[in-house]
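Notes to accompany the following structure.
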Amino acid sequence: MITADLATMRQNYSLHELDESSVDPHPIQQLRTWISEAVDSQLLEPNAMTLATVDASGGPTTRVVLLKEIRDRGVVFYTNYESRKGQQINHNPRVCLNFLWLELQRQVRIEGIAHRIDDEESKLYFQSRPKESQIGAWASRQSEPIPSRVILEKRFRELEEKYHEEAYLPLPPYWGGYLVEPVLMEFWQGRMSRLHDRVQYQLRDGSWIIERLSP
Ligand SMILES: Cc1cc2nc3c(=O)[nH]c(=O)nc-3n(C[C@H](O)[C@H](O)[C@H](O)COP(=O)(O)O)c2cc1C
């Protein structure tokens, strides 16, 4: 029954169009435009993106992280460098990001190389976060098994007590940002009858080559 329902569920897409002749020549600029439109549309977490990494044997893993900055060189997210994703990026910095904005019938794919940003930059961002989030980052060994939630909450309270007079906490040595420098970006706009618009930017010899892809 459930399977039958899934098989008949389908949306027709007709909100927007995307043409290779009118996109911005630089994909980061095109991303800025689409992010602004997603923010203006008041979507929930418009900066949420799926991050794919691979393990040492080439096995892929994904999880969602938040885009925190768009730079001319790429996009920045923050995490625990010792987490599963951090270890995988250490081993293989090639990553892929995906934004899905269903309400706009859009997705964006970014393939690139993840580089750690400077600790000074991470510190600035870390200390701009709410104090509870800073405590949370110190309290959690992200991706490590933990016997119970009680232990996590105890660690949180101890840190809260330790730093109760400070306005902010120091940057944990294992926490910071990654800049993903793209080598390929694809902008996908849903269209009627599954004839979707796909515009791909590929970096070749330092220039962005723009092509339309079949849907
Ligand atoms: C909407 C959303 C936003 C998230 N943002 C982040 C983030 O910016 N950084 C982060 O480390 N984890 C974030 N997470 C948690 C990750 O998805 C993931 O559970 C965590 O980073 C551990 O991943 P790993 O074990 O693969 O390293 C977010 C989760 C969701 C659902």
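Ordering of the structure tokens sets the chain letters (A, B, ...), residue numbers begin anew at 1 in every chain, and ligands are numbered from 1 in the order given.
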
Find the residues near stretch 172-174 of chain A: any atom within 9 Å, counting only C-alpha atoms, skip ones fewer than 3 places away on the same chain, and give them as a ChimeraX atom specification. /A:79-83,119,123,134,137-138,169

Quick one: which chain A residues come within 10 Å of ligand 1, and what is the nearest atom pair for each with the distance in Å to one decimal, counting only C-alpha atoms and all ligand atoms, rows ordered by chain and ascending number, as JSON lines?
```
{"residue": "A:Leu44", "atom": "CA", "partner": "ligand 1", "partner_atom_place_in_ligand_line": "1 (C)", "distance": 9.1}
{"residue": "A:Glu45", "atom": "CA", "partner": "ligand 1", "partner_atom_place_in_ligand_line": "1 (C)", "distance": 6.5}
{"residue": "A:Pro46", "atom": "CA", "partner": "ligand 1", "partner_atom_place_in_ligand_line": "1 (C)", "distance": 9.2}
{"residue": "A:Asn47", "atom": "CA", "partner": "ligand 1", "partner_atom_place_in_ligand_line": "1 (C)", "distance": 8.4}
{"residue": "A:Ala48", "atom": "CA", "partner": "ligand 1", "partner_atom_place_in_ligand_line": "1 (C)", "distance": 5.4}
{"residue": "A:Met49", "atom": "CA", "partner": "ligand 1", "partner_atom_place_in_ligand_line": "3 (C)", "distance": 7.7}
{"residue": "A:Thr50", "atom": "CA", "partner": "ligand 1", "partner_atom_place_in_ligand_line": "17 (O)", "distance": 7.9}
{"residue": "A:Leu51", "atom": "CA", "partner": "ligand 1", "partner_atom_place_in_ligand_line": "17 (O)", "distance": 8.4}
{"residue": "A:Ala52", "atom": "CA", "partner": "ligand 1", "partner_atom_place_in_ligand_line": "26 (O)", "distance": 8.8}
{"residue": "A:Thr53", "atom": "CA", "partner": "ligand 1", "partner_atom_place_in_ligand_line": "26 (O)", "distance": 8.4}
{"residue": "A:Thr61", "atom": "CA", "partner": "ligand 1", "partner_atom_place_in_ligand_line": "26 (O)", "distance": 7.0}
{"residue": "A:Thr62", "atom": "CA", "partner": "ligand 1", "partner_atom_place_in_ligand_line": "26 (O)", "distance": 6.6}
{"residue": "A:Arg63", "atom": "CA", "partner": "ligand 1", "partner_atom_place_in_ligand_line": "17 (O)", "distance": 4.3}
{"residue": "A:Val64", "atom": "CA", "partner": "ligand 1", "partner_atom_place_in_ligand_line": "17 (O)", "distance": 3.9}
{"residue": "A:Val65", "atom": "CA", "partner": "ligand 1", "partner_atom_place_in_ligand_line": "5 (N)", "distance": 3.5}
{"residue": "A:Leu66", "atom": "CA", "partner": "ligand 1", "partner_atom_place_in_ligand_line": "8 (O)", "distance": 3.9}
{"residue": "A:Leu67", "atom": "CA", "partner": "ligand 1", "partner_atom_place_in_ligand_line": "8 (O)", "distance": 6.8}
{"residue": "A:Lys68", "atom": "CA", "partner": "ligand 1", "partner_atom_place_in_ligand_line": "8 (O)", "distance": 7.8}
{"residue": "A:Val76", "atom": "CA", "partner": "ligand 1", "partner_atom_place_in_ligand_line": "8 (O)", "distance": 9.5}
{"residue": "A:Phe77", "atom": "CA", "partner": "ligand 1", "partner_atom_place_in_ligand_line": "8 (O)", "distance": 5.8}
{"residue": "A:Tyr78", "atom": "CA", "partner": "ligand 1", "partner_atom_place_in_ligand_line": "9 (N)", "distance": 5.2}
{"residue": "A:Thr79", "atom": "CA", "partner": "ligand 1", "partner_atom_place_in_ligand_line": "11 (O)", "distance": 3.6}
{"residue": "A:Asn80", "atom": "CA", "partner": "ligand 1", "partner_atom_place_in_ligand_line": "11 (O)", "distance": 5.8}
{"residue": "A:Tyr81", "atom": "CA", "partner": "ligand 1", "partner_atom_place_in_ligand_line": "27 (O)", "distance": 8.4}
{"residue": "A:Glu82", "atom": "CA", "partner": "ligand 1", "partner_atom_place_in_ligand_line": "27 (O)", "distance": 7.9}
{"residue": "A:Ser83", "atom": "CA", "partner": "ligand 1", "partner_atom_place_in_ligand_line": "27 (O)", "distance": 4.3}
{"residue": "A:Arg84", "atom": "CA", "partner": "ligand 1", "partner_atom_place_in_ligand_line": "27 (O)", "distance": 3.8}
{"residue": "A:Lys85", "atom": "CA", "partner": "ligand 1", "partner_atom_place_in_ligand_line": "27 (O)", "distance": 3.8}
{"residue": "A:Gly86", "atom": "CA", "partner": "ligand 1", "partner_atom_place_in_ligand_line": "27 (O)", "distance": 6.2}
{"residue": "A:Gln87", "atom": "CA", "partner": "ligand 1", "partner_atom_place_in_ligand_line": "27 (O)", "distance": 8.0}
{"residue": "A:Gln88", "atom": "CA", "partner": "ligand 1", "partner_atom_place_in_ligand_line": "27 (O)", "distance": 8.5}
{"residue": "A:Ile89", "atom": "CA", "partner": "ligand 1", "partner_atom_place_in_ligand_line": "27 (O)", "distance": 9.8}
{"residue": "A:Ala137", "atom": "CA", "partner": "ligand 1", "partner_atom_place_in_ligand_line": "11 (O)", "distance": 9.3}
{"residue": "A:Arg141", "atom": "CA", "partner": "ligand 1", "partner_atom_place_in_ligand_line": "22 (C)", "distance": 9.9}
{"residue": "A:Gln142", "atom": "CA", "partner": "ligand 1", "partner_atom_place_in_ligand_line": "22 (C)", "distance": 6.1}
{"residue": "A:Ser143", "atom": "CA", "partner": "ligand 1", "partner_atom_place_in_ligand_line": "25 (O)", "distance": 4.2}
{"residue": "A:Glu144", "atom": "CA", "partner": "ligand 1", "partner_atom_place_in_ligand_line": "25 (O)", "distance": 7.9}
{"residue": "A:Trp175", "atom": "CA", "partner": "ligand 1", "partner_atom_place_in_ligand_line": "11 (O)", "distance": 9.0}
{"residue": "A:Gly176", "atom": "CA", "partner": "ligand 1", "partner_atom_place_in_ligand_line": "11 (O)", "distance": 9.3}
{"residue": "A:Gly177", "atom": "CA", "partner": "ligand 1", "partner_atom_place_in_ligand_line": "9 (N)", "distance": 9.1}
```

Would you mind writing down, as number ranges by chain, each residue of stretch 30-214 of chain A that DSSP on the backbone assigns to strand (DSSP E or B)? A: 48-54, 60-66, 69-71, 74-80, 94-101, 106-116, 175-189, 197-204, 207-212

If you count only C-alpha atoms, which residues fall within 10 Å of A:Leu43, apart from same-chain ones fewer than 6 positions away, as a CSV table (one decimal) with N, CA and C atoms, in the first residue's frame?
```csv
chain,number,residue,atom,x,y,z
A,37,GLU,N,17.7,34.3,-2.9
A,37,GLU,CA,16.3,34.0,-3.3
A,37,GLU,C,15.7,33.0,-2.3
A,101,TRP,N,16.3,23.1,-2.4
A,101,TRP,CA,15.2,24.0,-2.0
A,101,TRP,C,14.0,23.6,-2.8
A,102,LEU,N,13.2,22.7,-2.2
A,102,LEU,CA,12.0,22.1,-2.8
A,102,LEU,C,11.0,23.2,-3.2
A,103,GLU,N,10.8,24.2,-2.3
A,103,GLU,CA,9.8,25.2,-2.5
A,103,GLU,C,10.1,26.0,-3.8
A,104,LEU,N,11.4,26.1,-4.1
A,104,LEU,CA,11.8,26.8,-5.3
A,104,LEU,C,12.1,25.9,-6.5
```

Atom CA of A:Asn12 to atom CA of A:Arg198, distance in Å rounded to a single decimal: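 Taking atom CA of A:Asn12 and atom CA of A:Arg198, their separation equals 16.2 Å.
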
For A:His196, which of A:Cys96, A:Val183, A:Ile70, A:Leu213 is the closest residue, counting only C-alpha atoms?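 Of all the options, A:Leu213 lies closest to A:His196.
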
Hey, could you make a per-residue contact list for stretch 125-189 of chain A against stretch 199-202 of chain A with 8 Å as the cut-off, showing the nearest pair of atoms and its distance in Å to one decimal, counting only C-alpha atoms, sorted by chain and number, as a Markdown table?
```
| residue | atom | partner | partner_atom | distance |
| --- | --- | --- | --- | --- |
| A:Val183 | CA | A:Gln202 | CA | 6.0 |
| A:Leu184 | CA | A:Gln202 | CA | 4.6 |
| A:Met185 | CA | A:Tyr201 | CA | 5.2 |
| A:Glu186 | CA | A:Gln200 | CA | 4.3 |
| A:Phe187 | CA | A:Val199 | CA | 5.3 |
| A:Trp188 | CA | A:Val199 | CA | 6.6 |
```

Who sits within 12 Å of A:Arg10, only C-alpha atoms, same chain under 4 positions skipped, as an mmCIF file with C-alpha atoms, in the first residue's frame:
```cif
data_model
loop_
_atom_site.group_PDB
_atom_site.id
_atom_site.type_symbol
_atom_site.label_atom_id
_atom_site.label_comp_id
_atom_site.auth_asym_id
_atom_site.auth_seq_id
_atom_site.Cartn_x
_atom_site.Cartn_y
_atom_site.Cartn_z
ATOM 1 C CA ASP A 5 1.412 5.577 -2.807
ATOM 2 C CA LEU A 6 5.082 6.405 -3.272
ATOM 3 C CA MET A 192 7.522 20.715 -16.891
ATOM 4 C CA SER A 193 7.392 17.067 -18.046
ATOM 5 C CA ARG A 194 10.754 16.293 -16.389
#
```

Taking 6 positions as the minimum chain separation for residues in the same chain, which residues sit within 9 Å of A:Leu159 when counting only C-alpha atoms? Answer as a list in words.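 Selected residues are Ile135, Gly136, Trp138 and Ala139 of chain A.
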
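Checking A:Ser140, A:Ser21, A:Gln107, A:Gln11 one by one against A:Ile35, counting only C-alpha atoms, you find the shortest gap at A:Gln107.
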
Just the number, please: distance in Å from atom CA of A:Gly190 to atom CA of A:His26, one decimal.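 About the pair atom CA of A:Gly190 and atom CA of A:His26: they are 21.3 Å apart.
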
List every residue of stretch 45-157 of chain A that DSSP, applied to the backbone, labels as alpha helix (DSSP H), and write the result as an MDAnalysis selection string. chainID A and resid 84:91 119:126 131:139 149:157

Could you take the residues named above and write them with C-alpha atoms, as a PDB file, in the first residue's frame?
```
ATOM      1  CA  ARG A  84      33.878  11.224  11.283  1.00  0.00           C
ATOM      2  CA  LYS A  85      33.615  13.779   8.478  1.00  0.00           C
ATOM      3  CA  GLY A  86      36.749  15.563   9.746  1.00  0.00           C
ATOM      4  CA  GLN A  87      38.745  12.338   9.692  1.00  0.00           C
ATOM      5  CA  GLN A  88      37.476  11.491   6.230  1.00  0.00           C
ATOM      6  CA  ILE A  89      38.357  14.959   4.905  1.00  0.00           C
ATOM      7  CA  ASN A  90      41.844  14.602   6.427  1.00  0.00           C
ATOM      8  CA  HIS A  91      42.292  11.447   4.458  1.00  0.00           C
ATOM      9  CA  ASP A 119      42.220  29.210  13.440  1.00  0.00           C
ATOM     10  CA  GLU A 120      41.935  32.978  13.911  1.00  0.00           C
ATOM     11  CA  GLU A 121      38.968  33.053  11.508  1.00  0.00           C
ATOM     12  CA  SER A 122      37.405  30.033  13.224  1.00  0.00           C
ATOM     13  CA  LYS A 123      37.880  31.687  16.610  1.00  0.00           C
ATOM     14  CA  LEU A 124      36.101  34.843  15.464  1.00  0.00           C
ATOM     15  CA  TYR A 125      33.131  32.809  14.287  1.00  0.00           C
ATOM     16  CA  PHE A 126      33.175  30.413  17.276  1.00  0.00           C
ATOM     17  CA  LYS A 131      27.498  30.781  24.586  1.00  0.00           C
ATOM     18  CA  GLU A 132      25.481  27.541  24.899  1.00  0.00           C
ATOM     19  CA  SER A 133      26.635  26.496  21.425  1.00  0.00           C
ATOM     20  CA  GLN A 134      30.238  27.186  22.436  1.00  0.00           C
ATOM     21  CA  ILE A 135      29.770  25.042  25.549  1.00  0.00           C
ATOM     22  CA  GLY A 136      28.128  22.361  23.413  1.00  0.00           C
ATOM     23  CA  ALA A 137      31.175  22.183  21.148  1.00  0.00           C
ATOM     24  CA  TRP A 138      33.461  21.710  24.184  1.00  0.00           C
ATOM     25  CA  ALA A 139      31.092  19.146  25.734  1.00  0.00           C
ATOM     26  CA  ARG A 149      22.813  11.463  27.349  1.00  0.00           C
ATOM     27  CA  VAL A 150      23.269  12.004  31.102  1.00  0.00           C
ATOM     28  CA  ILE A 151      27.045  12.097  30.649  1.00  0.00           C
ATOM     29  CA  LEU A 152      26.757  14.731  27.934  1.00  0.00           C
ATOM     30  CA  GLU A 153      24.492  16.926  30.056  1.00  0.00           C
ATOM     31  CA  LYS A 154      26.815  16.540  33.054  1.00  0.00           C
ATOM     32  CA  ARG A 155      29.776  17.687  30.952  1.00  0.00           C
ATOM     33  CA  PHE A 156      27.692  20.634  29.724  1.00  0.00           C
ATOM     34  CA  ARG A 157      26.811  21.711  33.282  1.00  0.00           C
TER      35      ARG A 157
END
```

Quick one: everything within 8 Å of A:Pro25, counting only C-alpha atoms, minus sequence neighbours fewer than 4 positions away in the same chain. Send it as number ranges by chain. A: 29-30, 208, 210

Taking only C-alpha atoms into account, which of A:Tyr178, A:Val108, A:Ser148, A:Asp197 comes nearest A:His16? A:Asp197
